[in-house]
Amino acid sequence: MPELPEVEATRRSFAADIAAAQILAVRLGKPLRWPLGCPPQDLVGQTVQQVRRRGKYLLLDLNAGLLLLHLGMSGSLRFAPSFPAPGAHDHFDLTTSQGTLRLHDPRRFGAVVAAAGEDDPRAQKLLGGLGMEPLDPASFTWERFAAGLHASRAPIKAVLLAGKLVVGVGNIYASEVLFASRIHPATPACAIRPVKARRLFAAIGQVMARAVEQGGTTLRDFSNAQGMAGHFQHAVQVYGRAGQPCHRCGQPIDLLRQGQRSTYYCPRCQKI
DNA sequence: CGTGGCTCCTGTTAGC
DNA sequence: TGCTAACAGGAGCCAC
């Protein structure tokens with residue numbers, strides 16, 4: 001579910017509400033992808049200073065540490081004054097003086113990890129190799145992007161998903177930005193012509209920004225921490241549209257599988 | 001070292 | 001209707 005726009009929409013939907021809140025209790029459900037890494041009691045009494053995002057990770061800055069949250073494939077957060085008893089897929093509750101943050105994650109690919117700070121090896125292991133932030137002009141520059149493309153012979157779709165060059169682009173948005181820039185998903189990154197590379201660079205920034213404005217994409221069940229669905233699914237051009245006509249040329253959208261993931265593209269508009 | 005494949009887990013859907 | 005298999009929005013790890 002959650003790619004950068006969904007994670008950012010989630011962040012914005014509760015960051016102000018939880019700021020300066022004191023942690024009163026921590027409840028863990030079934031194991032997530034990684035263990036929390038400290039006794040839950042160690043978090044009690046700490047204060048949540050702010051909520052940041054790095055790639056698809058949410059970073060809760062505590063007065064004496066850092067809490068990293070990842071929503072994996074099926075995770076979602078909710079922030080509310082109180083909750084009913086936890087259901088089978090509610091695996092983490094952070095009760096604070098200003099409300100409770102609850103992680104719901106049926107597939108449990110998500111994670112909550114405590115670290116001393118961003119330089120803590122536990123945090124570095126997760127954040128260390130991450131690429132540029134597409135919504136941050138200071139980070140996401142054409143020069144670095146072009147150099148990154150030049151350095152890889154892997155299919156551009158795989159390069160986008162890997163998150164080493166640019167973060168936050170998942171399976172939905174990879175299809176969308178490649179369609180927007182008219183690049184075939186299997187094109188080796190280093191073989192993309194400058195004109196198309198320029199278009200891709202621009203499309204990543206624009207599509208991600210637009211999707212955040214729209215509150216993310218709700219294909220099935222995504223909602224932000226206030227329970228509100230996103231709207232970007234109405235702007236989706238190719239993802240999930242196999243067999244339906246291309247919005248640009250009318251040709252049926254096709255689907256190809258790359259590394260167990262499907263990519264949607266227009267065979268006429270997106271040539272290698 | 002770069003690259004591609006496998007894997008974790010559970011719910012939903014397509015197909016017989 | 002019921003069973004089975006394929007597939008799903010992520011990404012670390014392991015072999016080549």
# chains A, B, ... in the order shown; residues from 1 in each chain; ligands from 1
call {"tool": "closest_atom_pairs", "arguments": {"of": "chain A", "to": "chain B", "cutoff": "8 Å", "atoms": "only C-alpha atoms (C1' of nucleotides)", "output": "CSV"}}
result
residue,atom,partner,partner_atom,distance
A:Arg33,CA,B:DC8,C1',7.7
A:Pro106,CA,B:DT10,C1',6.1
A:Arg107,CA,B:DC9,C1',4.6
A:Arg108,CA,B:DC9,C1',6.1
A:Phe109,CA,B:DC8,C1',7.1
A:Ala154,CA,B:DT3,C1',7.1
A:Gly259,CA,B:DG5,C1',7.0
call {"tool": "write_last_selection", "arguments": {"atoms": "C-alpha atoms", "output": "mmCIF file, in the first residue's frame"}}
result
data_model
loop_
_atom_site.group_PDB
_atom_site.id
_atom_site.type_symbol
_atom_site.label_atom_id
_atom_site.label_comp_id
_atom_site.auth_asym_id
_atom_site.auth_seq_id
_atom_site.Cartn_x
_atom_site.Cartn_y
_atom_site.Cartn_z
ATOM 1 C CA ARG A 33 9.384 -7.519 10.560
ATOM 2 C CA PRO A 106 -2.324 -7.632 8.423
ATOM 3 C CA ARG A 107 0.751 -8.880 6.572
ATOM 4 C CA ARG A 108 3.233 -7.693 9.196
ATOM 5 C CA PHE A 109 5.860 -6.562 6.727
ATOM 6 C CA ALA A 154 19.491 -2.464 -14.533
ATOM 7 C CA GLY A 259 11.185 -9.546 -10.516
#
call {"tool": "residues_around", "arguments": {"residues": "segment 184-198 of chain A", "least_positions_apart": "2", "cutoff": "12 Å", "atoms": "only C-alpha atoms (C1' of nucleotides)", "output": "PyMOL selection string"}}
result
chain A and resi 141-161+165+171+174-182+200-205+254-259+261-272
call {"tool": "residues_around", "arguments": {"residues": "segment 2-9 of chain C", "least_positions_apart": "2", "cutoff": "7 Å", "atoms": "only C-alpha atoms (C1' of nucleotides)", "output": "ChimeraX atom specification"}}
result
/A:1-3,73,171-172
call {"tool": "select_by_dssp", "arguments": {"residues": "segment 24-249 of chain A", "states": "strand (DSSP E or B)", "output": "PyMOL selection string"}}
result
chain A and resi 24-28+47-54+57-62+65-70+76-80+90-96+99-104+111-115+132+155+166+188+245
